[in-house]
Amino acid sequence: MKRNIIRTTEWKKLYPIKKGIIVSVWLFAVIILYAGFRGLIEDHDLKTIVVIILDGAILVKSFRPVKNYLFTRYHCVPVFNQIFTKKELEELFEGEVFRKMTGSMENPLNSPDLLESENWFCIHGKFISKNMTIIGRAWVAASLNNRDITSVKIFYMTGQYLEVKAGYSWKVSTIQSFNRLLWEKYQIIPVKVFSRDYERISTILKNTYDRMKTEKDLCEKEFVRYLLEDGADSKALFWSEIPGFQLPGENK
């Protein structure tokens, strides 16, 4: 029996268990609401009214996020889980063999949660397409518990922005090696993009993506599948559309 890498990763990251816990908590809140109405009919207590209002507000406000989380296909494949069915996602990973990403002699890497196959990176249990990534860079950011963690910030050809947290802080040498490898080996530009520029770059990439899709006369799913397989050949076109954008090694 073939090992399903994304299904295995989904379980390793406990997403099915998290879904079960969320459903249980939400249903428990529904039971509390029902019990509150029963109690209100019997004793007309003011405290019961307060409980009903608060519990009802929580249920209404949480309904959409809970629904989205529960019905998300394979959380470990962000962006593409909104386009493809579960079966199609599994097919995308057929034949992909993942190994630890060691880098090169000049740029060695030593991160146990950094894997790669021919067409994908796997960063702390999140799968990232190599061919569709235009911009990518590892950063260090502070977490809520005041612990530095490394994030890899990604811009896809679709214009979608994605931040993948590595779960812990990489060494400075690892971050530098990873960023250099992104360009030298994978033709992914490790440029710094500040938050004020996110929308501008996303819009440019999305417009380029939409224009290419129209020119090739493909539907969304067909075009994304095409880019997943052959997107590396189209990267130069996306780079050229960003005003003032400078490729690594180019003179100012």
# chains A, B, ... in the order shown; residues from 1 in each chain; ligands from 1
>>> residues_around(residues="Thr48 of chain A", least_positions_apart="2", cutoff="12 Å", atoms="only C-alpha atoms", output="ChimeraX atom specification")
/A:32-46,50-56
>>> residues_around(residues="segment 10-25 of chain A", least_positions_apart="2", cutoff="9 Å", atoms="only C-alpha atoms", output="JSON, numbers by chain")
{"A": [5, 6, 7, 8, 27, 28, 29, 30, 66, 69, 70, 74, 75, 76, 125]}
>>> closest_residue(among="A:Asp233, A:Asp113, A:Glu241, A:Glu220", to="Thr133 of chain A", atoms="only C-alpha atoms")
A:Asp233
>>> residues_around(residues="Ile135 of chain A", least_positions_apart="5", cutoff="6 Å", atoms="only C-alpha atoms", output="tab-separated table (two decimals) with N, CA and C atoms, in the first residue's frame")
chain	number	residue	atom	x	y	z
A	154	ILE	N	5.87	33.61	1.67
A	154	ILE	CA	5.76	33.14	0.29
A	154	ILE	C	4.75	33.99	-0.48
A	155	PHE	N	5.11	34.32	-1.73
A	155	PHE	CA	4.15	34.87	-2.68
A	155	PHE	C	4.04	33.90	-3.85
A	188	ILE	N	13.68	31.15	-6.87
A	188	ILE	CA	12.70	31.85	-6.03
A	188	ILE	C	13.43	33.05	-5.43
A	189	ILE	N	12.88	34.23	-5.60
A	189	ILE	CA	13.59	35.44	-5.20
A	189	ILE	C	13.44	35.67	-3.69
A	190	PRO	N	14.56	35.66	-2.96
A	190	PRO	CA	14.50	35.83	-1.50
A	190	PRO	C	14.57	37.31	-1.09
>>> residues_around(residues="segment 167-184 of chain A", least_positions_apart="3", cutoff="9 Å", atoms="only C-alpha atoms", output="JSON, numbers by chain")
{"A": [103, 104, 106, 107, 108, 109, 110, 111, 113, 124, 135, 136, 137, 138, 139, 140, 141, 147, 148, 149, 150, 151, 164, 187, 188, 189, 190, 191, 248]}
>>> write_last_selection(atoms="C-alpha atoms", output="short mmCIF file (atom, residue, chain, number, x, y, z; two decimals), in the first residue's frame")
data_model
loop_
_atom_site.label_atom_id
_atom_site.label_comp_id
_atom_site.auth_asym_id
_atom_site.auth_seq_id
_atom_site.Cartn_x
_atom_site.Cartn_y
_atom_site.Cartn_z
CA GLY A 103 21.39 22.30 1.00
CA SER A 104 24.80 22.35 -0.66
CA GLU A 106 28.36 26.28 0.12
CA ASN A 107 24.94 26.60 1.78
CA PRO A 108 24.41 23.69 4.20
CA LEU A 109 21.09 23.29 6.00
CA ASN A 110 20.38 21.54 9.26
CA SER A 111 16.67 21.67 10.01
CA ASP A 113 11.45 19.89 9.69
CA HIS A 124 7.13 22.15 9.45
CA ILE A 135 9.06 35.28 -3.85
CA GLY A 136 10.14 33.45 -0.72
CA ARG A 137 12.25 34.38 2.26
CA ALA A 138 12.91 33.11 5.76
CA TRP A 139 12.48 35.70 8.51
CA VAL A 140 12.76 35.71 12.27
CA ALA A 141 9.79 37.07 14.20
CA ARG A 147 10.12 33.29 21.81
CA ASP A 148 11.72 33.97 18.43
CA ILE A 149 10.51 31.71 15.64
CA THR A 150 11.39 31.52 11.97
CA SER A 151 8.74 32.19 9.36
CA VAL A 164 4.62 29.33 7.13
CA GLN A 187 14.78 30.48 -8.90
CA ILE A 188 12.70 31.85 -6.03
CA ILE A 189 13.59 35.44 -5.20
CA PRO A 190 14.50 35.83 -1.50
CA VAL A 191 13.76 39.54 -1.43
CA PRO A 248 19.64 38.80 -7.05
#
>>> residues_around(residues="Ser234 of chain A", least_positions_apart="3", cutoff="10 Å", atoms="only C-alpha atoms", output="PDB file with C-alpha atoms, in the first residue's frame")
ATOM      1  CA  ASN A 131       7.263  25.953  -9.270  1.00  0.00           C
ATOM      2  CA  MET A 132       4.541  28.413  -8.273  1.00  0.00           C
ATOM      3  CA  ILE A 134       7.777  33.670  -7.048  1.00  0.00           C
ATOM      4  CA  MET A 157       1.994  33.259  -8.864  1.00  0.00           C
ATOM      5  CA  MET A 212      -1.862  34.152 -18.625  1.00  0.00           C
ATOM      6  CA  LEU A 227       1.791  25.917 -13.266  1.00  0.00           C
ATOM      7  CA  ASP A 230       5.699  23.801 -15.546  1.00  0.00           C
ATOM      8  CA  GLY A 231       5.515  27.062 -13.620  1.00  0.00           C
ATOM      9  CA  LEU A 237       7.366  36.780 -16.986  1.00  0.00           C
ATOM     10  CA  PHE A 238       6.076  37.384 -13.459  1.00  0.00           C
ATOM     11  CA  TRP A 239       9.350  39.009 -12.376  1.00  0.00           C
TER      12      TRP A 239
END
>>> select_by_dssp(residues="segment 6-249 of chain A", states="helix (DSSP H, G or I)", output="ChimeraX atom specification")
/A:6-12,15-43,46-71,80-82,86-92,172-184,195-216,220-240
>>> select_by_dssp(residues="segment 66-252 of chain A", states="strand (DSSP E or B)", output="MDAnalysis selection string")
chainID A and resid 99:100 103 108 114:116 120:123 126:129 133:142 148:156 161:165 189
>>> atom_distance(atom1="atom CA of Phe223 of chain A", atom2="atom CA of Arg3 of chain A")
27.3 Å
